[in-house]
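The file final29.txt contains compact mmCIF, C-alpha atoms:
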# COMPACT_ATOMS: atom_id res chain seq x y z
CA MET R 357 0.00 0.00 0.00
CA ASP R 358 1.36 3.39 -0.95
CA GLY R 359 0.74 4.91 2.44
CA ILE R 360 2.34 7.39 4.80
CA HIS R 361 4.70 4.75 6.22
CA ASP R 362 6.63 4.75 2.92
CA LEU R 363 8.75 7.74 3.85
CA GLY R 364 11.89 7.47 1.71
CA GLY R 365 12.59 10.77 -0.05
CA MET R 366 9.66 12.72 1.44
CA GLN R 367 10.43 16.29 2.42
CA GLY R 368 9.25 18.61 5.14
CA PHE R 369 9.80 16.63 8.34
CA GLY R 370 12.58 18.89 9.59
CA PRO R 371 15.82 17.95 11.34
CA VAL R 372 16.52 14.62 13.04
CA ARG R 373 15.95 15.11 16.76
CA VAL R 374 18.22 13.00 18.94
CA GLU R 375 17.48 12.27 22.58
CA ALA R 376 20.60 11.77 24.70
CA ASP R 377 20.88 8.57 26.79
CA GLU R 378 17.57 7.21 25.59
CA PRO R 379 16.21 4.22 27.58
CA PRO R 380 14.90 1.12 25.71
CA PHE R 381 11.37 2.03 26.86
CA HIS R 382 10.26 5.51 27.87
CA GLU R 383 7.22 4.30 29.79
CA PRO R 384 6.37 0.85 31.20
CA TRP R 385 3.42 0.51 28.77
CA GLU R 386 5.85 0.59 25.82
CA GLY R 387 7.56 -2.53 27.12
CA ARG R 388 4.17 -4.17 27.77
CA ALA R 389 3.08 -3.31 24.20
CA HIS R 390 6.22 -4.87 22.76
CA GLY R 391 5.86 -7.94 24.98
CA LEU R 392 2.18 -8.28 24.07
CA VAL R 393 2.91 -8.31 20.35
CA VAL R 394 5.40 -11.15 20.86
CA ALA R 395 3.14 -13.03 23.31
CA ALA R 396 0.10 -12.67 21.04
CA ALA R 397 2.04 -13.90 18.02
CA ILE R 398 2.97 -17.04 19.97
CA ALA R 399 -0.53 -17.53 21.41
CA VAL R 400 -2.61 -16.78 18.33
CA PRO R 401 -0.61 -17.85 15.28
CA SER R 402 -3.58 -17.08 13.02
CA ALA R 403 -3.28 -13.47 14.14
CA GLY R 404 0.51 -13.61 14.10
CA GLY R 405 3.08 -12.53 11.56
CA THR R 406 4.21 -9.02 11.01
CA VAL R 407 2.43 -5.99 12.49
CA ARG R 408 3.42 -3.93 9.43
CA PRO R 409 0.28 -4.35 7.28
CA TYR R 410 -1.89 -3.22 10.20
CA ILE R 411 0.31 -0.20 10.90
CA GLU R 412 0.14 0.72 7.22
CA ARG R 413 -3.66 0.86 7.40
CA MET R 414 -4.00 2.83 10.63
CA GLY R 415 -4.61 6.13 8.86
CA HIS R 416 -2.12 8.77 7.77
CA THR R 417 -3.02 11.45 10.30
CA GLU R 418 -2.86 9.06 13.21
CA TYR R 419 0.37 7.51 11.96
CA LEU R 420 2.17 10.84 12.06
CA ALA R 421 0.56 12.02 15.29
CA THR R 422 1.36 8.94 17.37
CA SER R 423 4.50 7.18 18.57
CA TYR R 424 6.12 3.95 17.43
CA TYR R 425 4.60 1.86 20.23
CA GLU R 426 1.20 3.45 19.74
CA HIS R 427 1.49 2.11 16.17
CA TRP R 428 2.08 -1.32 17.67
CA LEU R 429 -0.95 -0.99 19.94
CA SER R 430 -3.15 0.03 17.01
CA ALA R 431 -1.83 -2.88 14.97
CA LEU R 432 -2.38 -5.37 17.76
CA GLU R 433 -5.92 -4.12 18.42
CA SER R 434 -6.82 -4.34 14.71
CA ARG R 435 -5.23 -7.74 14.35
CA LEU R 436 -6.94 -9.28 17.38
CA VAL R 437 -10.31 -7.74 16.56
CA GLY R 438 -9.93 -8.75 12.90
CA ALA R 439 -9.09 -12.34 13.87
CA GLY R 440 -12.14 -12.46 16.14
CA VAL R 441 -10.00 -13.02 19.24
CA ILE R 442 -11.49 -9.99 20.96
CA GLY R 443 -14.57 -7.94 20.17
CA GLU R 444 -14.49 -4.21 19.56
CA ASP R 445 -17.11 -3.61 22.27
CA GLU R 446 -15.32 -5.94 24.64
CA LEU R 447 -12.11 -3.93 24.13
CA ALA R 448 -13.87 -0.61 24.79
CA THR R 449 -15.49 -2.03 27.94
CA LYS R 450 -12.17 -3.32 29.23
CA GLN R 451 -10.45 -0.01 28.48
CA ALA R 452 -13.11 1.79 30.52
CA ALA R 453 -12.64 -0.65 33.41
CA ILE R 454 -8.84 -0.26 33.34
CA ALA R 455 -9.21 3.53 33.21
CA ALA R 456 -11.47 3.25 36.29
CA GLY R 457 -8.75 1.40 38.18
CA GLU R 458 -9.26 -2.31 37.46
CA PRO R 459 -5.89 -4.08 37.68
CA VAL R 460 -4.46 -6.41 35.04
CA PRO R 461 -4.75 -9.95 36.40
CA THR R 462 -1.58 -12.02 36.75
CA ARG R 463 -1.25 -15.36 35.02
CA GLY R 464 1.72 -17.70 34.85
CA ASP R 465 2.61 -19.74 31.78
CA PRO R 466 6.25 -20.63 32.47
CA ASP R 467 6.81 -22.84 29.41
CA THR R 468 5.72 -20.08 27.04
CA ALA R 469 7.75 -17.52 28.97
CA THR R 470 10.83 -19.74 28.56
CA PHE R 471 10.11 -20.13 24.86
CA ALA R 472 9.70 -16.34 24.51
CA ARG R 473 13.11 -15.83 26.13
CA SER R 474 14.70 -18.24 23.68
CA LEU R 475 13.67 -15.96 20.81
CA PHE R 476 16.20 -13.40 22.02
CA HIS R 477 19.12 -15.80 21.73
CA PRO R 478 20.52 -17.59 18.68
CA PHE R 479 18.20 -20.23 17.21
CA PRO R 480 18.40 -22.25 14.01
CA VAL R 481 16.77 -20.61 11.01
CA ASP R 482 15.39 -22.80 8.24
CA GLU R 483 16.68 -22.13 4.77
CA LEU R 484 13.80 -21.90 2.32
CA GLU R 485 13.85 -23.61 -1.05
CA GLY R 486 13.14 -21.25 -3.91
CA PRO R 487 13.66 -21.25 -7.66
CA PRO R 488 17.14 -20.28 -8.89
CA PRO R 489 17.65 -16.50 -8.76
CA ARG R 490 16.89 -14.81 -12.08
CA PHE R 491 19.52 -12.10 -11.62
CA ALA R 492 23.21 -12.21 -10.68
CA VAL R 493 25.67 -9.79 -9.08
CA ASP R 494 26.45 -6.84 -11.38
CA ASP R 495 23.28 -7.36 -13.47
CA PRO R 496 21.41 -4.16 -14.30
CA VAL R 497 17.80 -4.30 -13.08
CA ARG R 498 14.84 -1.95 -13.17
CA VAL R 499 12.25 -1.71 -10.42
CA ARG R 500 8.78 -2.31 -11.78
CA ARG R 501 6.19 0.44 -11.80
CA MET R 502 3.40 -0.57 -9.44
CA HIS R 503 0.67 0.84 -7.25
CA PRO R 504 -0.34 -2.00 -4.93
CA THR R 505 -3.30 -1.62 -2.59
CA GLY R 506 -2.01 -4.37 -0.28
CA HIS R 507 1.18 -4.81 1.74
CA THR R 508 4.46 -4.51 -0.14
CA ARG R 509 8.12 -4.01 0.71
CA CYS R 510 8.93 -2.16 -2.49
CA PRO R 511 9.44 1.50 -1.54
CA ARG R 512 7.95 4.14 -3.86
CA TYR R 513 11.18 6.08 -4.29
CA VAL R 514 12.93 3.33 -6.26
CA ARG R 515 10.07 2.36 -8.61
CA GLY R 516 10.98 2.82 -12.25
CA ALA R 517 14.64 3.38 -11.34
CA GLN R 518 17.50 1.35 -12.75
CA GLY R 519 20.12 -0.10 -10.44
CA THR R 520 22.77 -2.79 -10.24
CA VAL R 521 22.62 -6.02 -8.27
CA LEU R 522 25.18 -5.77 -5.46
CA ALA R 523 24.24 -9.03 -3.69
CA VAL R 524 21.85 -11.94 -4.15
CA ARG R 525 20.21 -12.83 -0.81
CA PRO R 526 18.79 -16.25 0.16
CA ALA R 527 15.21 -16.90 -0.91
CA GLN R 528 12.44 -15.75 1.45
CA ARG R 529 8.66 -15.53 1.36
CA LEU R 530 7.41 -12.66 -0.77
CA PRO R 531 5.71 -10.48 1.88
CA ASP R 532 3.07 -9.15 -0.52
CA LEU R 533 1.60 -12.66 -0.76
CA ALA R 534 2.60 -13.94 2.69
CA VAL R 535 0.24 -11.48 4.39
CA GLN R 536 -2.59 -12.97 2.32
CA GLY R 537 -1.67 -16.45 3.53
CA GLU R 538 -0.07 -17.41 0.24
CA THR R 539 3.54 -18.61 0.04
CA ARG R 540 5.88 -17.72 -2.77
CA VAL R 541 9.54 -18.16 -1.98
CA GLU R 542 12.00 -16.22 -4.10
CA ALA R 543 15.38 -14.51 -3.91
CA TYR R 544 15.72 -10.89 -2.97
CA TYR R 545 18.56 -8.66 -4.01
CA SER R 546 20.52 -5.77 -2.61
CA VAL R 547 20.21 -3.33 -5.50
CA ALA R 548 22.48 -0.26 -5.69
CA PHE R 549 21.13 2.99 -7.12
CA GLY R 550 23.11 6.09 -8.02
CA PRO R 551 21.73 9.34 -6.54
CA SER R 552 20.88 10.94 -9.89
CA GLU R 553 18.87 7.85 -10.89
CA LEU R 554 16.66 8.45 -7.85
CA TRP R 555 16.67 12.22 -7.50
CA GLY R 556 17.73 13.56 -10.90
CA ASP R 557 19.40 16.96 -10.98
CA ASP R 558 18.26 17.52 -7.38
CA ALA R 559 20.56 14.79 -6.05
CA GLU R 560 22.83 15.83 -3.20
CA PRO R 561 26.41 16.49 -4.42
CA GLY R 562 29.14 14.04 -3.40
CA ALA R 563 29.67 10.33 -3.94
CA SER R 564 26.80 8.21 -2.66
CA THR R 565 24.82 5.05 -3.33
CA VAL R 566 21.50 3.87 -1.96
CA VAL R 567 21.18 0.10 -1.60
CA VAL R 568 17.64 -1.27 -1.33
CA ASP R 569 16.67 -4.89 -0.69
CA LEU R 570 14.10 -5.89 -3.30
CA TRP R 571 12.32 -9.16 -3.96
CA GLU R 572 12.67 -10.63 -7.44
CA SER R 573 8.99 -9.94 -8.23
CA TYR R 574 9.68 -6.22 -7.89
CA LEU R 575 12.41 -6.30 -10.56
CA GLU R 576 12.64 -6.64 -14.32
CA ALA R 577 15.49 -6.66 -16.84
CA PRO R 578 15.92 -3.07 -18.08
CA MET K 412 -9.87 1.81 11.20
CA SER K 413 -8.55 3.16 7.92
CA ASP K 414 -10.48 6.41 7.65
CA GLN K 415 -8.54 9.62 8.08
CA HIS K 416 -10.28 10.83 11.23
CA PRO K 417 -8.14 10.08 14.25
CA HIS K 418 -10.04 7.96 16.74
CA ALA K 419 -10.41 9.22 20.26
CA HIS K 420 -8.28 6.55 21.85
CA PRO K 421 -7.81 6.21 25.58
CA PRO K 422 -4.25 6.89 26.81
CA ALA K 423 -1.69 4.37 25.56
CA ASP K 424 -1.07 2.83 29.01
CA VAL K 425 -4.80 2.07 29.27
CA ARG K 426 -4.87 0.54 25.79
CA ALA K 427 -1.88 -1.68 26.56
CA ALA K 428 -3.29 -2.78 29.93
CA ALA K 429 -6.72 -3.52 28.43
CA LEU K 430 -5.21 -5.74 25.73
CA GLU K 431 -3.08 -7.55 28.29
CA ALA K 432 -6.04 -8.05 30.65
CA LEU K 433 -8.27 -9.44 27.90
CA LEU K 434 -5.61 -11.85 26.59
CA VAL K 435 -4.88 -13.02 30.15
CA GLU K 436 -8.57 -13.48 31.02
CA LYS K 437 -9.00 -15.57 27.86
CA GLU K 438 -6.00 -17.64 29.05
CA LEU K 439 -4.21 -16.96 25.77
CA ILE K 440 -1.10 -15.43 27.30
CA GLY K 441 0.74 -15.33 30.59
CA THR K 442 1.83 -12.06 32.16
CA ASP K 443 5.16 -13.81 32.80
CA THR K 444 5.67 -14.12 29.04
CA VAL K 445 5.28 -10.36 28.64
CA ASP K 446 7.60 -9.83 31.64
CA ALA K 447 10.18 -12.14 30.03
CA VAL K 448 10.10 -10.30 26.70
CA VAL K 449 10.47 -6.91 28.40
CA GLU K 450 13.41 -8.17 30.43
CA GLU K 451 15.12 -9.73 27.41
CA LEU K 452 14.66 -6.53 25.39
CA GLU K 453 16.03 -4.39 28.22
CA ASN K 454 19.09 -6.64 28.35
CA LEU K 455 19.82 -6.20 24.66
CA GLY K 456 21.93 -3.29 23.61
CA PRO K 457 24.87 -2.04 21.62
CA LEU K 458 27.33 -3.85 23.90
CA HIS K 459 26.63 -7.00 21.86
CA GLY K 460 27.39 -5.30 18.58
CA ALA K 461 30.48 -3.68 20.10
CA LYS K 462 31.81 -7.12 21.08
CA VAL K 463 31.42 -8.33 17.51
CA VAL K 464 33.15 -5.25 16.09
CA ALA K 465 36.06 -5.39 18.54
CA ARG K 466 36.58 -9.09 17.82
CA ALA K 467 36.65 -8.32 14.09
CA TRP K 468 39.28 -5.61 14.70
CA VAL K 469 41.65 -7.90 16.62
CA ASP K 470 41.06 -11.22 14.85
CA PRO K 471 41.44 -11.20 11.03
CA ALA K 472 39.97 -14.70 10.69
CA TYR K 473 36.88 -13.63 12.68
CA ARG K 474 36.59 -10.52 10.51
CA GLU K 475 36.54 -12.74 7.41
CA ARG K 476 33.81 -14.92 8.93
CA LEU K 477 31.82 -11.84 9.97
CA LEU K 478 31.90 -10.37 6.48
CA ALA K 479 31.02 -13.75 4.95
CA ASP K 480 28.19 -14.73 7.36
CA ALA K 481 27.51 -12.27 10.14
CA THR K 482 24.61 -14.30 11.60
CA ALA K 483 26.95 -17.24 12.23
CA ALA K 484 29.78 -15.00 13.42
CA ALA K 485 27.49 -13.29 15.96
CA ALA K 486 26.21 -16.70 17.14
CA GLU K 487 29.82 -17.70 17.87
CA LEU K 488 29.69 -15.05 20.59
CA GLY K 489 26.25 -16.19 21.77
CA ILE K 490 24.51 -13.28 20.04
CA GLY K 491 21.40 -13.72 17.91
CA GLY K 492 17.61 -14.02 17.93
CA ILE K 493 14.61 -12.33 16.38
CA GLU K 494 15.38 -9.42 14.06
CA GLY K 495 18.83 -10.95 13.76
CA GLU K 496 18.10 -14.09 11.75
CA HIS K 497 19.79 -12.68 8.64
CA ILE K 498 22.56 -10.28 9.61
CA VAL K 499 24.95 -8.75 7.10
CA ALA K 500 28.00 -6.78 8.28
CA VAL K 501 29.11 -3.89 6.08
CA GLU K 502 32.58 -2.57 6.73
CA ASN K 503 33.62 1.07 6.58
CA THR K 504 36.85 1.73 4.71
CA PRO K 505 38.75 4.92 3.87
CA GLY K 506 36.71 5.10 0.64
CA VAL K 507 33.24 3.91 1.76
CA HIS K 508 31.09 4.98 4.71
CA ASN K 509 27.99 2.85 5.37
CA VAL K 510 24.79 4.02 7.03
CA VAL K 511 21.62 2.02 7.76
CA VAL K 512 17.95 2.99 7.61
CA CYS K 513 14.53 1.39 7.19
CA THR K 514 12.39 3.78 5.17
CA LEU K 515 9.26 1.59 5.36
CA CYS K 516 9.24 0.84 9.09
CA SER K 517 12.09 0.55 11.59
CA CYS K 518 14.01 -2.67 10.84
CA TYR K 519 17.09 -2.85 13.02
CA PRO K 520 19.42 -5.62 14.26
CA TRP K 521 17.95 -6.03 17.77
CA PRO K 522 20.35 -8.74 19.00
CA LEU K 523 23.34 -6.53 18.18
CA LEU K 524 22.09 -3.04 18.98
CA GLY K 525 18.96 -3.46 21.13
CA ILE K 526 15.75 -1.52 20.57
CA PRO K 527 16.20 1.29 18.04
CA PRO K 528 16.26 4.88 19.31
CA VAL K 529 13.25 7.07 18.58
CA TRP K 530 15.11 9.15 15.97
CA TYR K 531 15.85 6.01 13.94
CA LYS K 532 12.09 5.24 13.86
CA SER K 533 11.01 8.80 13.16
CA PRO K 534 9.97 10.42 9.84
CA PRO K 535 12.88 12.93 9.58
CA TYR K 536 15.60 10.27 9.57
CA ARG K 537 13.67 7.71 7.50
CA SER K 538 12.64 10.23 4.84
CA ARG K 539 15.89 12.16 4.48
CA VAL K 540 18.83 9.80 4.84
CA VAL K 541 18.21 8.22 1.41
CA SER K 542 17.99 11.54 -0.42
CA GLU K 543 20.40 13.76 1.53
CA PRO K 544 22.64 11.41 3.53
CA ARG K 545 25.45 13.93 3.83
CA ALA K 546 23.17 16.60 5.27
CA VAL K 547 21.80 14.10 7.80
CA LEU K 548 25.30 12.92 8.72
CA ARG K 549 26.40 16.53 9.22
CA GLU K 550 23.57 16.93 11.75
CA PHE K 551 25.16 14.03 13.63
CA GLY K 552 28.55 15.79 13.42
CA VAL K 553 29.96 13.63 10.62
CA ASP K 554 31.32 15.65 7.69
CA LEU K 555 32.75 13.33 5.03
CA PRO K 556 34.92 14.44 2.09
CA PRO K 557 32.92 14.48 -1.20
CA ASP K 558 34.97 11.63 -2.69
CA VAL K 559 34.15 9.21 0.16
CA GLU K 560 31.17 7.16 -1.03
CA VAL K 561 28.26 7.28 1.40
CA ARG K 562 26.47 3.96 1.03
CA VAL K 563 22.96 3.99 2.50
CA TRP K 564 21.42 0.57 3.19
CA ASP K 565 17.61 0.57 3.23
CA SER K 566 16.63 -2.55 5.22
CA SER K 567 13.50 -3.23 3.19
CA ALA K 568 13.60 -7.06 3.27
CA GLU K 569 14.84 -9.68 5.78
CA THR K 570 18.49 -8.61 6.07
CA ARG K 571 19.49 -6.56 9.12
CA TYR K 572 22.68 -4.57 8.69
CA LEU K 573 25.54 -3.95 11.10
CA VAL K 574 28.05 -1.26 10.20
CA VAL K 575 31.62 -2.20 11.16
CA PRO K 576 33.24 1.16 11.87
CA GLN K 577 36.90 1.82 11.13
CA ARG K 578 39.17 1.15 14.07
CA PRO K 579 40.32 4.44 15.58
CA THR K 580 43.99 5.30 15.17
CA GLU K 581 46.41 4.94 18.05
CA THR K 582 44.56 2.02 19.61
CA ASP K 583 47.24 -0.60 18.96
CA ASP K 584 47.93 -1.06 22.66
CA LEU K 585 44.26 -1.62 23.60
CA ASP K 586 42.92 -5.11 24.26
CA GLU K 587 39.63 -6.41 22.89
CA ALA K 588 37.51 -5.34 25.88
CA ALA K 589 38.95 -1.83 25.84
CA LEU K 590 38.32 -1.61 22.10
CA ALA K 591 34.71 -2.75 22.55
CA SER K 592 34.14 0.08 25.02
CA LEU K 593 34.99 2.56 22.24
CA VAL K 594 32.33 1.24 19.85
CA THR K 595 29.11 3.24 20.04
CA ARG K 596 25.61 2.39 18.88
CA ASP K 597 25.64 5.30 16.44
CA SER K 598 28.90 4.12 14.85
CA MET K 599 27.25 0.75 14.15
CA ILE K 600 24.24 2.46 12.54
CA GLY K 601 26.68 4.59 10.57
CA VAL K 602 25.77 8.05 11.88
CA ALA K 603 29.05 8.40 13.82
CA VAL K 604 32.71 7.73 13.17
CA LEU K 605 35.13 6.73 15.91
Would you put the structure from the file into structure tokens?
Amino acid sequence: MDGIHDLGGMQGFGPVRVEADEPPFHEPWEGRAHGLVVAAAIAVPSAGGTVRPYIERMGHTEYLATSYYEHWLSALESRLVGAGVIGEDELATKQAAIAAGEPVPTRGDPDTATFARSLFHPFPVDELEGPPPRFAVDDPVRVRRMHPTGHTRCPRYVRGAQGTVLAVRPAQRLPDLAVQGETRVEAYYSVAFGPSELWGDDAEPGASTVVVDLWESYLEAP
Amino acid sequence: MSDQHPHAHPPADVRAAALEALLVEKELIGTDTVDAVVEELENLGPLHGAKVVARAWVDPAYRERLLADATAAAAELGIGGIEGEHIVAVENTPGVHNVVVCTLCSCYPWPLLGIPPVWYKSPPYRSRVVSEPRAVLREFGVDLPPDVEVRVWDSSAETRYLVVPQRPTETDDLDEAALASLVTRDSMIGVAVL
């Protein structure tokens, strides 16, 4: 979806504001939100997978006006309501009760907690079998023109641009289809673009390259 | 939820607590699982990445392994996990300076660097570093000569990138632990030089 999340090359956001000595979480609820997304993905695999498609649909105004972990909360609410795990009314009722002082009950599930911990340490990753890559290192490629309404990982700012394959990465599930429950495994590529190819005469002076990781379906021979 | 009128949401702490309470009451999750994730995330941080970088500086064979397969090289030091299943290390040289971004969301190598800082997740950095990397780097105090190639990596697929900064000069007498203490988070994102 060509939404507000696809920020590469947009103008008008001002300088980068850096906070000194930033903690991992600014408020306890941010940690809970992060933990809930992981816990819910383990508990409800049908509502699992990436939060990205839900964040992309949360609405442009709200996206810009809210913080990173508020995006996660919105995504988790939409995902759990969408999967029928919780009802919209039920959520509103519980929010009112919490706001009125009801505590969050405690529940132990030590095996799942141990499993969750293991995710933050090295674990074996399955290699996926895909068709042989269509492109090779140093091949010129062009990013397809597209305007998808669903989830994609092809940023707008490289579409139509020609680049050069810098690396061929191991095959992975194409996210555009994976979010629809369909599996297509294919290589993705680190594709290098020169600045004038992306920004024309407005490119910033000085030597630079932008490398974007793009699935094979996003690319064509120029 | 996709219309353009912002919903009147309750405060974020209420929203998070309500979700947790509902999932607990339905016996879908344990609060100890959420506790465990929070604790693990708080224990992550750039010290892990710094260990990897310092090892690469002192051990040429490790450096080779890191550049060939960073996921395996990090696992040698017990470092890895989600958002680090496919790590690629990109090395700064006198002619190339690497910098990492995720323009579509906030992809970041958690096992090596921890949770990303707010600026990394925010629109100014994500929008600008691909179109005016030198201007952004100057805001971080890094002013590179025009002939040094700035290579911006947009983490738009499954790979998570670690920048291996150049070893500072006059550090020959430092051991690995002392070297690791010099390696900052920002230098491993590529917005600082050491």
| message | Residues near segment 522-525 of chain R, anyone? I mean within 10 Å using only C-alpha atoms, not counting same-chain ones fewer than 5 positions away, as number ranges by chain. | response | R: 489-496, 542-549, 567-572; K: 497, 568-570
Identify, on the basis of only C-alpha atoms, every residue whose closest approach to Met366 of chain R does not exceed 12 Å; exclude the query and any residue fewer than 2 positions from it along the same chain; express the result as a PDB file with C-alpha atoms, in the frame of the given file.
ATOM      1  CA  GLY R 359       0.740   4.910   2.440  1.00  0.00           C
ATOM      2  CA  ILE R 360       2.340   7.390   4.800  1.00  0.00           C
ATOM      3  CA  HIS R 361       4.700   4.750   6.220  1.00  0.00           C
ATOM      4  CA  ASP R 362       6.630   4.750   2.920  1.00  0.00           C
ATOM      5  CA  LEU R 363       8.750   7.740   3.850  1.00  0.00           C
ATOM      6  CA  GLY R 364      11.890   7.470   1.710  1.00  0.00           C
ATOM      7  CA  GLY R 368       9.250  18.610   5.140  1.00  0.00           C
ATOM      8  CA  PHE R 369       9.800  16.630   8.340  1.00  0.00           C
ATOM      9  CA  GLY R 370      12.580  18.890   9.590  1.00  0.00           C
ATOM     10  CA  PRO R 511       9.440   1.500  -1.540  1.00  0.00           C
ATOM     11  CA  ARG R 512       7.950   4.140  -3.860  1.00  0.00           C
ATOM     12  CA  TYR R 513      11.180   6.080  -4.290  1.00  0.00           C
ATOM     13  CA  TRP R 555      16.670  12.220  -7.500  1.00  0.00           C
TER      14      TRP R 555
ATOM     15  CA  THR K 514      12.390   3.780   5.170  1.00  0.00           C
ATOM     16  CA  LEU K 515       9.260   1.590   5.360  1.00  0.00           C
ATOM     17  CA  PRO K 534       9.970  10.420   9.840  1.00  0.00           C
ATOM     18  CA  PRO K 535      12.880  12.930   9.580  1.00  0.00           C
ATOM     19  CA  TYR K 536      15.600  10.270   9.570  1.00  0.00           C
ATOM     20  CA  ARG K 537      13.670   7.710   7.500  1.00  0.00           C
ATOM     21  CA  SER K 538      12.640  10.230   4.840  1.00  0.00           C
ATOM     22  CA  ARG K 539      15.890  12.160   4.480  1.00  0.00           C
ATOM     23  CA  VAL K 540      18.830   9.800   4.840  1.00  0.00           C
ATOM     24  CA  VAL K 541      18.210   8.220   1.410  1.00  0.00           C
ATOM     25  CA  SER K 542      17.990  11.540  -0.420  1.00  0.00           C
ATOM     26  CA  GLU K 543      20.400  13.760   1.530  1.00  0.00           C
TER      27      GLU K 543
END
Excluding segment 441-453 of chain R and residues on its chain fewer than 5 positions from it, collect all residues at most 8 Å away from it, counting all atoms listed in the file, and give them as a PyMOL selection string.
(chain R and resi 436+458) or (chain K and resi 421+425-426+428-430+432-433)
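Shortest separation to chain K among R:Asp467, R:Asp377, R:Glu560, R:Glu412 occurs at residue R:Glu560, atoms counted being all atoms listed in the file.
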Around all the atoms of segment 382-389 of chain R listed in the file, with 6 Å of room on each side, what axis-aligned box do you get, giving centre and edge lengths in Å to one decimal, as JSON?
{"center_x": 6.7, "center_y": 0.7, "center_z": 27.7, "size_x": 19.2, "size_y": 21.7, "size_z": 19.0}
